[in-house]
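This is model03.cif (mmCIF, C-alpha atoms and all ligand atoms).
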data_entry
loop_
_atom_site.label_atom_id
_atom_site.label_comp_id
_atom_site.auth_asym_id
_atom_site.auth_seq_id
_atom_site.Cartn_x
_atom_site.Cartn_y
_atom_site.Cartn_z
CA MET A 7 123.93 106.76 84.78
CA THR A 8 122.90 110.07 83.23
CA ASN A 9 123.12 113.60 84.59
CA GLU A 10 119.39 113.92 85.04
CA VAL A 11 118.57 114.42 88.74
CA VAL A 12 115.59 112.23 89.62
CA LEU A 13 115.68 112.46 93.41
CA ALA A 14 116.33 115.83 95.04
CA VAL A 15 116.05 116.28 98.79
CA ASP A 16 116.91 119.60 100.39
CA GLY A 17 116.73 120.43 104.08
CA LEU A 18 114.33 117.56 104.84
CA ARG A 19 113.07 117.52 108.41
CA MET A 20 110.72 115.11 110.14
CA ARG A 21 109.48 115.77 113.61
CA TYR A 22 107.35 113.51 115.81
CA GLY A 23 106.06 115.52 118.76
CA ALA A 24 109.10 117.33 120.10
CA THR A 25 111.63 114.94 118.53
CA ASP A 26 113.36 115.54 115.22
CA VAL A 27 114.01 112.15 113.62
CA LEU A 28 115.35 113.75 110.41
CA ARG A 29 117.24 117.06 110.44
CA ASP A 30 118.41 118.91 107.42
CA VAL A 31 118.78 115.86 105.19
CA THR A 32 120.04 116.90 101.76
CA PHE A 33 121.04 114.67 98.85
CA GLN A 34 120.41 114.01 95.18
CA ALA A 35 120.41 110.96 92.93
CA ARG A 36 120.85 110.89 89.19
CA GLN A 37 119.06 108.64 86.75
CA GLY A 38 120.42 105.10 86.90
CA GLU A 39 122.29 105.66 90.15
CA THR A 40 122.07 103.20 93.06
CA LEU A 41 122.13 105.00 96.40
CA VAL A 42 122.43 102.95 99.56
CA LEU A 43 121.25 104.36 102.89
CA LEU A 44 123.18 102.97 105.83
CA GLY A 45 122.69 103.72 109.49
CA PRO A 46 121.93 102.22 112.88
CA ASN A 47 118.44 101.13 113.93
CA GLY A 48 116.27 104.19 114.34
CA ALA A 49 118.56 106.44 112.26
CA GLY A 50 115.70 107.54 110.00
CA LYS A 51 116.22 105.41 106.88
CA THR A 52 112.67 104.07 106.57
CA THR A 53 111.25 107.49 107.38
CA THR A 54 113.30 109.03 104.55
CA ILE A 55 112.20 106.38 102.07
CA GLU A 56 108.55 106.67 103.10
CA ILE A 57 108.61 110.44 102.60
CA LEU A 58 110.09 110.02 99.12
CA GLU A 59 107.48 107.37 98.27
CA GLY A 60 104.72 109.75 99.33
CA PHE A 61 103.56 107.48 102.19
CA ARG A 62 104.50 109.94 104.92
CA SER A 63 104.16 113.72 105.15
CA ARG A 64 107.31 115.61 106.04
CA SER A 65 107.60 118.43 108.54
CA ALA A 66 109.83 120.69 106.41
CA GLY A 67 112.18 120.80 103.45
CA ASP A 68 111.95 120.33 99.70
CA VAL A 69 111.59 116.92 98.09
CA SER A 70 111.31 116.10 94.41
CA VAL A 71 110.99 112.60 92.90
CA LEU A 72 110.87 112.41 89.10
CA GLY A 73 110.20 116.14 89.10
CA CYS A 74 107.20 115.93 91.42
CA ASP A 75 106.66 116.62 95.11
CA PRO A 76 105.69 113.21 96.60
CA ALA A 77 103.13 114.93 98.83
CA ALA A 78 101.24 115.86 95.63
CA GLY A 79 102.02 112.76 93.54
CA ASP A 80 99.20 111.49 91.30
CA GLU A 81 98.51 108.00 89.92
CA ARG A 82 100.66 108.53 86.84
CA TRP A 83 103.60 109.58 89.00
CA ARG A 84 103.05 106.63 91.34
CA SER A 85 103.01 104.22 88.39
CA ARG A 86 106.64 105.19 87.68
CA LEU A 87 107.79 104.12 91.15
CA GLY A 88 108.47 100.70 92.58
CA VAL A 89 108.32 100.05 96.28
CA VAL A 90 109.59 97.10 98.30
CA LEU A 91 108.44 97.61 101.85
CA GLN A 92 109.65 95.72 104.89
CA SER A 93 107.06 93.01 104.13
CA TRP A 94 103.99 92.28 102.03
CA ARG A 95 101.56 90.50 104.32
CA ASP A 96 98.22 90.70 102.57
CA HIS A 97 96.58 88.50 99.98
CA GLY A 98 97.70 85.26 101.65
CA ASN A 99 95.10 83.25 99.75
CA TRP A 100 96.19 84.53 96.35
CA ARG A 101 98.57 82.51 94.21
CA VAL A 102 101.91 84.06 93.28
CA GLN A 103 101.29 84.37 89.53
CA GLU A 104 97.70 85.50 90.07
CA LEU A 105 98.77 88.35 92.38
CA LEU A 106 101.56 89.58 90.09
CA ALA A 107 99.30 89.48 87.03
CA HIS A 108 96.63 91.36 89.00
CA LEU A 109 99.01 94.06 90.26
CA GLY A 110 100.45 94.35 86.77
CA THR A 111 97.10 95.48 85.36
CA TYR A 112 97.45 98.64 87.41
CA TYR A 113 100.52 99.67 85.38
CA ALA A 114 99.21 98.76 81.92
CA PRO A 115 97.63 102.18 81.20
CA TYR A 116 101.02 103.77 81.85
CA ALA A 117 102.97 101.72 79.31
CA THR A 118 105.04 103.78 76.87
CA ALA A 119 107.00 102.99 73.72
CA GLU A 120 110.21 102.79 75.76
CA VAL A 121 108.71 101.13 78.84
CA PRO A 122 106.38 98.18 78.21
CA ARG A 123 104.32 97.90 81.39
CA PRO A 124 103.69 95.65 83.22
CA TRP A 125 106.47 93.08 83.29
CA ASP A 126 104.99 89.76 82.10
CA ALA A 127 104.07 87.83 85.27
CA ALA A 128 105.53 84.47 84.18
CA GLU A 129 108.78 86.06 83.02
CA LEU A 130 109.05 88.08 86.23
CA ILE A 131 108.46 84.98 88.37
CA GLU A 132 111.30 83.28 86.55
CA THR A 133 113.52 86.35 87.02
CA VAL A 134 113.04 86.40 90.80
CA GLY A 135 113.45 82.62 91.08
CA LEU A 136 109.89 81.68 92.04
CA SER A 137 109.06 79.42 89.08
CA GLY A 138 108.48 76.47 91.40
CA GLN A 139 106.00 78.50 93.48
CA ALA A 140 104.04 80.27 90.71
CA ARG A 141 100.80 78.46 91.59
CA GLN A 142 101.39 78.32 95.33
CA LYS A 143 99.31 80.35 97.78
CA ILE A 144 101.25 83.29 99.22
CA LYS A 145 100.59 82.25 102.82
CA THR A 146 102.46 79.00 102.17
CA LEU A 147 105.69 80.66 100.97
CA SER A 148 108.83 80.52 103.10
CA GLY A 149 110.23 83.79 104.47
CA GLY A 150 112.84 84.09 101.72
CA GLN A 151 110.33 83.18 98.99
CA ARG A 152 107.96 85.82 100.31
CA ARG A 153 110.76 88.36 100.17
CA ARG A 154 111.42 87.40 96.54
CA LEU A 155 107.75 88.02 95.89
CA ASP A 156 108.07 91.43 97.61
CA VAL A 157 110.85 92.26 95.14
CA ALA A 158 108.73 91.06 92.20
CA ILE A 159 105.86 93.26 93.40
CA GLY A 160 108.27 96.20 93.55
CA ILE A 161 109.42 95.83 89.96
CA VAL A 162 106.30 94.53 88.19
CA GLY A 163 105.61 98.02 86.80
CA ARG A 164 109.21 98.43 85.49
CA PRO A 165 109.81 101.42 87.77
CA GLU A 166 112.00 104.38 86.96
CA VAL A 167 112.70 104.81 90.67
CA LEU A 168 112.85 101.77 92.91
CA PHE A 169 112.73 102.03 96.70
CA LEU A 170 113.90 98.98 98.61
CA ASP A 171 113.76 98.82 102.39
CA GLU A 172 116.03 95.99 103.57
CA PRO A 173 115.18 93.84 100.55
CA THR A 174 117.43 90.85 101.27
CA VAL A 175 116.51 90.10 104.88
CA GLY A 176 115.92 86.35 105.01
CA PHE A 177 117.54 85.60 101.65
CA ASP A 178 119.84 82.61 101.42
CA PRO A 179 123.25 83.33 99.82
CA ALA A 180 122.11 82.16 96.38
CA ALA A 181 118.97 84.30 96.52
CA ARG A 182 121.06 87.27 97.63
CA TYR A 183 123.47 86.77 94.74
CA GLU A 184 120.60 86.47 92.24
CA PHE A 185 118.98 89.58 93.68
CA HIS A 186 122.22 91.55 93.25
CA GLN A 187 122.42 90.35 89.64
CA LEU A 188 118.82 91.37 89.11
CA LEU A 189 119.39 94.88 90.47
CA GLN A 190 122.55 95.32 88.43
CA GLY A 191 120.59 94.19 85.36
CA LEU A 192 117.88 96.84 85.79
CA GLY A 193 120.19 99.14 83.89
CA ARG A 194 120.65 102.81 83.46
CA ARG A 195 116.99 103.70 83.38
CA THR A 196 116.25 102.73 86.98
CA THR A 197 117.37 104.79 89.94
CA VAL A 198 117.52 102.77 93.15
CA LEU A 199 117.36 103.90 96.77
CA LEU A 200 118.02 100.96 99.05
CA THR A 201 118.47 100.49 102.79
CA THR A 202 120.45 97.62 104.24
CA HIS A 203 122.39 96.63 107.32
CA ASP A 204 124.62 94.40 105.19
CA LEU A 205 127.82 96.30 104.47
CA ASP A 206 128.98 93.72 101.98
CA GLU A 207 125.78 94.25 100.04
CA ALA A 208 126.20 98.03 100.28
CA GLY A 209 129.75 97.80 98.93
CA LYS A 210 128.63 95.64 96.01
CA LEU A 211 125.57 97.59 94.95
CA ALA A 212 126.15 101.23 95.82
CA ASP A 213 127.28 103.85 93.37
CA ARG A 214 127.09 106.07 96.42
CA ILE A 215 126.45 105.48 100.11
CA LEU A 216 124.74 107.90 102.48
CA VAL A 217 125.37 107.23 106.17
CA LEU A 218 122.52 108.42 108.34
CA ALA A 219 122.88 108.68 112.12
CA GLY A 220 120.60 110.47 114.54
CA GLY A 221 118.56 111.81 111.63
CA ARG A 222 121.51 113.49 109.87
CA ILE A 223 123.68 112.48 106.96
CA ILE A 224 127.08 112.12 108.58
CA ALA A 225 128.96 110.87 105.52
CA ALA A 226 128.39 110.38 101.80
CA GLY A 227 130.51 108.99 99.01
CA THR A 228 131.35 105.95 96.96
CA PRO A 229 132.28 102.84 98.96
CA THR A 230 135.93 103.49 98.04
CA GLU A 231 135.75 107.13 99.11
CA LEU A 232 134.26 106.20 102.48
CA THR A 233 136.82 103.47 103.04
CA ARG A 234 139.70 105.77 102.02
CA GLN A 235 138.70 108.23 104.72
CA ILE A 236 140.23 105.89 107.27
CA ALA A 237 142.71 103.97 105.09
CA GLY A 238 146.31 104.08 106.16
CA THR A 239 145.71 103.60 109.87
CA ASP A 240 147.38 100.20 109.67
CA GLU A 241 149.23 99.22 106.47
CA SER A 242 149.00 95.49 107.15
CA HIS A 243 145.20 95.60 107.53
CA PRO A 244 143.69 97.75 104.81
CA ALA A 245 140.52 99.43 106.00
CA SER A 246 137.23 97.89 104.96
CA LEU A 247 133.87 99.54 104.45
CA GLU A 248 132.86 98.00 107.78
CA ASP A 249 135.80 99.71 109.55
CA ALA A 250 134.88 103.02 107.95
CA TYR A 251 131.21 102.67 108.82
CA LEU A 252 131.86 101.72 112.44
CA GLN A 253 134.31 104.58 112.89
CA LEU A 254 131.84 107.08 111.42
CA ILE A 255 128.99 105.84 113.59
CA ARG A 256 131.10 105.87 116.75
CA ALA A 257 132.33 109.38 116.05
CA ALA A 258 128.76 110.56 115.47
CA ALA A 259 127.65 109.10 118.80
CA LEU A 260 130.29 111.06 120.76
N1 LIG G 301 104.95 107.23 113.75
C1 LIG G 301 106.00 107.51 114.52
N2 LIG G 301 105.84 108.23 115.67
C2 LIG G 301 106.90 108.53 116.44
N3 LIG G 301 108.16 108.17 116.17
C3 LIG G 301 108.38 107.45 115.06
C4 LIG G 301 107.31 107.08 114.19
N4 LIG G 301 107.85 106.37 113.15
C5 LIG G 301 109.18 106.30 113.38
N5 LIG G 301 109.49 106.94 114.53
C6 LIG G 301 110.85 107.10 115.10
O1 LIG G 301 111.67 107.68 114.11
C7 LIG G 301 113.00 107.20 114.23
C8 LIG G 301 113.47 106.72 112.87
O2 LIG G 301 112.78 105.53 112.53
P1 LIG G 301 113.05 104.77 111.16
O3 LIG G 301 112.08 103.62 111.10
O4 LIG G 301 113.05 105.74 110.06
O5 LIG G 301 114.54 104.23 111.39
P2 LIG G 301 115.40 103.23 110.51
O6 LIG G 301 116.71 103.91 110.27
O7 LIG G 301 114.65 102.78 109.31
O8 LIG G 301 115.62 102.02 111.52
P3 LIG G 301 115.78 100.42 111.30
O9 LIG G 301 117.21 100.22 110.84
O10 LIG G 301 115.58 99.89 112.69
O11 LIG G 301 114.75 99.95 110.33
C9 LIG G 301 112.99 106.13 115.30
O12 LIG G 301 113.49 106.67 116.50
C10 LIG G 301 111.52 105.78 115.43
O13 LIG G 301 111.21 105.38 116.74
#

Can you dump the structure from the file as structure tokens?
Amino acid sequence: MTNEVVLAVDGLRMRYGATDVLRDVTFQARQGETLVLLGPNGAGKTTTIEILEGFRSRSAGDVSVLGCDPAAGDERWRSRLGVVLQSWRDHGNWRVQELLAHLGTYYAPYATAEVPRPWDAAELIETVGLSGQARQKIKTLSGGQRRRLDVAIGIVGRPEVLFLDEPTVGFDPAARYEFHQLLQGLGRRTTVLLTTHDLDEAGKLADRILVLAGGRIIAAGTPTELTRQIAGTDESHPASLEDAYLQLIRAAAL
């Protein structure tokens, strides 16, 4: 991790009609940091990610991603981001390797001396554990295999910022483990913003966790810091991240 701030969000607000789904959301991430967004269904996690990706216009507040306002991001800026959405459903008749090689061509003009773009399709397929499916049509992949492909699509351009919205839904335990290894191997150059409902995953991956509830950040800190907030309630049962999370969410709902 370096000290360079690559994500800066200040007073972000999102309003649909008369309802604020994000209110005064403020946080930063430094280069190489993995930030995990936790929160109940409807808390505003996907909305936050989509605003940072430039897919959704915000109602108010300042947002900067790699020094640029996502609302004004150009192709060069976009080429430095990786996005894993809740699911990739198109291109069912394409074969896995064919699609990744095709999407990779988009990033080639943005290769630099430090960042060779795109990631070689065959090597990437091996990395995400789809070697056996490289020539298979996408519509024939299982749910977990399709999710692995989603991850490959997200990283084919060797992104500097990677957004992952519930990336491991449908993964078997081995796939989940390999995915965690993959993320940890992306190194100090890649900043990651990830949503999950899996607290175990959050504890493993997060440098810092942001807990979002009712459109506000109600807690932020390392997994240990969050857990320590409620440690000591019962000596014989040390608090877990799950205990801390549930306590925070319940308190926020009062
Ligand atoms: N286009 C829209 N119009 C109106 N309301 C919306 C729209 N998109 C999202 N919302 C509302 O915004 C709130 C936040 O939704 P969001 O998808 O960001 O939550 P989330 O934290 O990602 O939830 P989940 O864990 O279920 O994926 C929800 O109450 C949702 O109904």

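Straight-line separation from CA of Gly135 in chain A to CA of Arg84 in chain A: 26.2 Å.
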
Exercise. By how many Å are CA of Thr230 in chain A and CA of Asp213 in chain A apart?
Worked result: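 Taking CA of Thr230 in chain A and CA of Asp213 in chain A, their separation equals 9.8 Å.
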
For this session: Identify, on the basis of only C-alpha atoms, every residue whose closest approach to range 112-120 of chain A does not exceed 7 Å; exclude the query and any residue fewer than 4 positions from it along the same chain; express the result as a PyMOL selection string.
Result: chain A and resi 82+85+124+163

Per residue of chain A within 7 Å of ligand LIG 301 (chain G), record the nearest atom pair and its distance in Å to one decimal, counting all atoms listed in the file, with rows in chain order and ascending residue number, as a Markdown table.
| residue | atom | partner | partner_atom | distance |
| --- | --- | --- | --- | --- |
| A:Tyr22 | CA | G:LIG301 | C2 | 5.0 |
| A:Val27 | CA | G:LIG301 | O1 | 5.1 |
| A:Gly45 | CA | G:LIG301 | O6 | 6.0 |
| A:Pro46 | CA | G:LIG301 | O9 | 5.5 |
| A:Asn47 | CA | G:LIG301 | O10 | 3.4 |
| A:Gly48 | CA | G:LIG301 | O5 | 3.4 |
| A:Ala49 | CA | G:LIG301 | O6 | 3.7 |
| A:Gly50 | CA | G:LIG301 | O4 | 3.2 |
| A:Lys51 | CA | G:LIG301 | O6 | 3.7 |
| A:Thr52 | CA | G:LIG301 | O7 | 3.6 |
| A:Thr53 | CA | G:LIG301 | O4 | 3.7 |
| A:Thr54 | CA | G:LIG301 | O4 | 6.4 |

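In this comparison, which uses only C-alpha atoms, the residue of A:Ala107, A:Val42, A:Val12, A:Leu260 approaching Ala226 in chain A most closely is A:Val42.
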
For this session: Go through A:Phe177, A:Leu41, A:Trp125, A:Val162 one by one, measure the shortest atom-to-atom distance of each to Lys210 in chain A using only C-alpha atoms, and give the residue with the smallest value.
Result: A:Leu41

For this session: Using only C-alpha atoms, find the one residue out of A:Gln253, A:Thr196, A:Ser246, A:Thr228 that sits nearest to Leu13 in chain A.
Result: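 Closest to Leu13 in chain A of all the choices is A:Thr196.
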
Exercise. Of the candidates A:Leu136, A:Gly38, A:Leu109, A:Phe169, which one gets nearest to Leu58 in chain A if we count only C-alpha atoms?
Worked result: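 The shortest atom-to-atom distance to Leu58 in chain A comes from A:Phe169.
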
Problem set entry | Distance query 12 Å from (126.8, 97.0, 102.4) using all atoms listed in the file, result as a PyMOL selection string | chain A and resi 41-45+172+174+186+200-217+228-229+232-233+246-251

Problem set entry | Residue among A:Val89, A:Leu106, A:Leu130, A:Ile236 lying closest to Pro165 in chain A, counting only C-alpha atoms | A:Val89

For this session: Using all atoms listed in the file, determine which residues lie at most 8 Å from Gly17 in chain A, disregarding the query and same-chain residues fewer than 6 positions distant; provide the list as an MDAnalysis selection string.
Result: chainID A and resid 29:32 66:68

For this session: Go through A:Met20, A:Cys74, A:Arg141, A:Arg222 one by one, measure the shortest atom-to-atom distance of each to Arg62 in chain A using all atoms listed in the file, and give the residue with the smallest value.
Result: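 The answer is A:Met20, which sits nearest to Arg62 in chain A.
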
Problem set entry | Straight-line distance linking CA of Ala140 in chain A with CA of Pro179 in chain A, stated in Å to one decimal | 21.5 Å

Exercise: range 142-155 of chain A partners within 6 Å, only C-alpha atoms, chain neighbours under 4 positions left out, as a compact mmCIF listing (two decimals) with C-alpha atoms, keeping the file's coordinate frame:
# COMPACT_ATOMS: atom_id res chain seq x y z
CA GLY A 98 97.70 85.26 101.65
CA ASN A 99 95.10 83.25 99.75
CA TRP A 100 96.19 84.53 96.35
CA ARG A 101 98.57 82.51 94.21
CA GLY A 176 115.92 86.35 105.01
CA PHE A 177 117.54 85.60 101.65

Can you find the residues with an atom no farther than 8 Å from (120.9, 105.2, 85.1), counting only C-alpha atoms, and report them as a compact mmCIF listing (two decimals) with C-alpha atoms, in the frame of the given file?
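Okay, this is what ended up in selection-v4.txt:
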# COMPACT_ATOMS: atom_id res chain seq x y z
CA MET A 7 123.93 106.76 84.78
CA THR A 8 122.90 110.07 83.23
CA ARG A 36 120.85 110.89 89.19
CA GLN A 37 119.06 108.64 86.75
CA GLY A 38 120.42 105.10 86.90
CA GLU A 39 122.29 105.66 90.15
CA GLY A 193 120.19 99.14 83.89
CA ARG A 194 120.65 102.81 83.46
CA ARG A 195 116.99 103.70 83.38
CA THR A 196 116.25 102.73 86.98
CA THR A 197 117.37 104.79 89.94

Atoms are missing here; could range 190-220 of chain A be completed with N, CA and C atoms and written as a PDB file, in the frame of the given file?
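Once written, rebuild-v2.pdb looks like this:
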ATOM      1  N   GLN A 190     121.527  94.795  89.336  1.00  0.00           N
ATOM      2  CA  GLN A 190     122.550  95.320  88.430  1.00  0.00           C
ATOM      3  C   GLN A 190     122.058  95.255  86.992  1.00  0.00           C
ATOM      4  N   GLY A 191     121.127  94.323  86.722  1.00  0.00           N
ATOM      5  CA  GLY A 191     120.590  94.190  85.360  1.00  0.00           C
ATOM      6  C   GLY A 191     119.470  95.177  85.056  1.00  0.00           C
ATOM      7  N   LEU A 192     119.002  95.915  86.061  1.00  0.00           N
ATOM      8  CA  LEU A 192     117.880  96.840  85.790  1.00  0.00           C
ATOM      9  C   LEU A 192     118.331  97.980  84.876  1.00  0.00           C
ATOM     10  N   GLY A 193     119.642  98.236  84.900  1.00  0.00           N
ATOM     11  CA  GLY A 193     120.190  99.140  83.890  1.00  0.00           C
ATOM     12  C   GLY A 193     120.115 100.602  84.240  1.00  0.00           C
ATOM     13  N   ARG A 194     120.418 101.390  83.226  1.00  0.00           N
ATOM     14  CA  ARG A 194     120.650 102.810  83.460  1.00  0.00           C
ATOM     15  C   ARG A 194     119.367 103.601  83.638  1.00  0.00           C
ATOM     16  N   ARG A 195     118.243 102.962  83.318  1.00  0.00           N
ATOM     17  CA  ARG A 195     116.990 103.700  83.380  1.00  0.00           C
ATOM     18  C   ARG A 195     116.453 103.783  84.811  1.00  0.00           C
ATOM     19  N   THR A 196     116.844 102.809  85.639  1.00  0.00           N
ATOM     20  CA  THR A 196     116.250 102.730  86.980  1.00  0.00           C
ATOM     21  C   THR A 196     117.177 103.304  88.050  1.00  0.00           C
ATOM     22  N   THR A 197     116.655 104.238  88.796  1.00  0.00           N
ATOM     23  CA  THR A 197     117.370 104.790  89.940  1.00  0.00           C
ATOM     24  C   THR A 197     116.912 104.017  91.173  1.00  0.00           C
ATOM     25  N   VAL A 198     117.864 103.626  92.007  1.00  0.00           N
ATOM     26  CA  VAL A 198     117.520 102.770  93.150  1.00  0.00           C
ATOM     27  C   VAL A 198     117.934 103.457  94.449  1.00  0.00           C
ATOM     28  N   LEU A 199     117.023 103.452  95.411  1.00  0.00           N
ATOM     29  CA  LEU A 199     117.360 103.900  96.770  1.00  0.00           C
ATOM     30  C   LEU A 199     117.080 102.721  97.695  1.00  0.00           C
ATOM     31  N   LEU A 200     118.120 102.227  98.329  1.00  0.00           N
ATOM     32  CA  LEU A 200     118.020 100.960  99.050  1.00  0.00           C
ATOM     33  C   LEU A 200     118.576 101.118 100.472  1.00  0.00           C
ATOM     34  N   THR A 201     117.900 100.526 101.446  1.00  0.00           N
ATOM     35  CA  THR A 201     118.470 100.490 102.790  1.00  0.00           C
ATOM     36  C   THR A 201     118.924  99.061 103.073  1.00  0.00           C
ATOM     37  N   THR A 202     119.984  98.950 103.831  1.00  0.00           N
ATOM     38  CA  THR A 202     120.450  97.620 104.240  1.00  0.00           C
ATOM     39  C   THR A 202     121.295  97.773 105.497  1.00  0.00           C
ATOM     40  N   HIS A 203     121.429  96.662 106.219  1.00  0.00           N
ATOM     41  CA  HIS A 203     122.390  96.630 107.320  1.00  0.00           C
ATOM     42  C   HIS A 203     123.590  95.762 106.919  1.00  0.00           C
ATOM     43  N   ASP A 204     123.572  95.291 105.671  1.00  0.00           N
ATOM     44  CA  ASP A 204     124.620  94.400 105.190  1.00  0.00           C
ATOM     45  C   ASP A 204     125.659  95.218 104.429  1.00  0.00           C
ATOM     46  N   LEU A 205     126.815  95.412 105.059  1.00  0.00           N
ATOM     47  CA  LEU A 205     127.820  96.300 104.470  1.00  0.00           C
ATOM     48  C   LEU A 205     128.447  95.705 103.216  1.00  0.00           C
ATOM     49  N   ASP A 206     128.477  94.395 103.168  1.00  0.00           N
ATOM     50  CA  ASP A 206     128.980  93.720 101.980  1.00  0.00           C
ATOM     51  C   ASP A 206     128.073  94.035 100.785  1.00  0.00           C
ATOM     52  N   GLU A 207     126.784  93.946 101.062  1.00  0.00           N
ATOM     53  CA  GLU A 207     125.780  94.250 100.040  1.00  0.00           C
ATOM     54  C   GLU A 207     125.898  95.722  99.609  1.00  0.00           C
ATOM     55  N   ALA A 208     126.070  96.605 100.589  1.00  0.00           N
ATOM     56  CA  ALA A 208     126.200  98.030 100.280  1.00  0.00           C
ATOM     57  C   ALA A 208     127.408  98.265  99.381  1.00  0.00           C
ATOM     58  N   GLY A 209     128.532  97.627  99.720  1.00  0.00           N
ATOM     59  CA  GLY A 209     129.750  97.800  98.930  1.00  0.00           C
ATOM     60  C   GLY A 209     129.587  97.298  97.512  1.00  0.00           C
ATOM     61  N   LYS A 210     128.815  96.222  97.348  1.00  0.00           N
ATOM     62  CA  LYS A 210     128.630  95.640  96.010  1.00  0.00           C
ATOM     63  C   LYS A 210     127.707  96.484  95.151  1.00  0.00           C
ATOM     64  N   LEU A 211     126.638  96.979  95.760  1.00  0.00           N
ATOM     65  CA  LEU A 211     125.570  97.590  94.950  1.00  0.00           C
ATOM     66  C   LEU A 211     125.686  99.098  94.785  1.00  0.00           C
ATOM     67  N   ALA A 212     126.272  99.762  95.774  1.00  0.00           N
ATOM     68  CA  ALA A 212     126.150 101.230  95.820  1.00  0.00           C
ATOM     69  C   ALA A 212     127.040 101.935  94.804  1.00  0.00           C
ATOM     70  N   ASP A 213     126.454 102.857  94.038  1.00  0.00           N
ATOM     71  CA  ASP A 213     127.280 103.850  93.370  1.00  0.00           C
ATOM     72  C   ASP A 213     127.725 104.847  94.428  1.00  0.00           C
ATOM     73  N   ARG A 214     126.796 105.155  95.323  1.00  0.00           N
ATOM     74  CA  ARG A 214     127.090 106.070  96.420  1.00  0.00           C
ATOM     75  C   ARG A 214     126.390 105.607  97.678  1.00  0.00           C
ATOM     76  N   ILE A 215     127.038 105.832  98.815  1.00  0.00           N
ATOM     77  CA  ILE A 215     126.450 105.480 100.110  1.00  0.00           C
ATOM     78  C   ILE A 215     126.182 106.759 100.885  1.00  0.00           C
ATOM     79  N   LEU A 216     125.020 106.818 101.540  1.00  0.00           N
ATOM     80  CA  LEU A 216     124.740 107.900 102.480  1.00  0.00           C
ATOM     81  C   LEU A 216     124.675 107.247 103.863  1.00  0.00           C
ATOM     82  N   VAL A 217     125.429 107.776 104.803  1.00  0.00           N
ATOM     83  CA  VAL A 217     125.370 107.230 106.170  1.00  0.00           C
ATOM     84  C   VAL A 217     124.540 108.185 107.016  1.00  0.00           C
ATOM     85  N   LEU A 218     123.459 107.631 107.550  1.00  0.00           N
ATOM     86  CA  LEU A 218     122.520 108.420 108.340  1.00  0.00           C
ATOM     87  C   LEU A 218     122.690 108.015 109.809  1.00  0.00           C
ATOM     88  N   ALA A 219     122.818 108.989 110.685  1.00  0.00           N
ATOM     89  CA  ALA A 219     122.880 108.680 112.120  1.00  0.00           C
ATOM     90  C   ALA A 219     122.194 109.814 112.852  1.00  0.00           C
ATOM     91  N   GLY A 220     121.318 109.453 113.782  1.00  0.00           N
ATOM     92  CA  GLY A 220     120.600 110.470 114.540  1.00  0.00           C
ATOM     93  C   GLY A 220     119.846 111.440 113.654  1.00  0.00           C
TER      94      GLY A 220
END
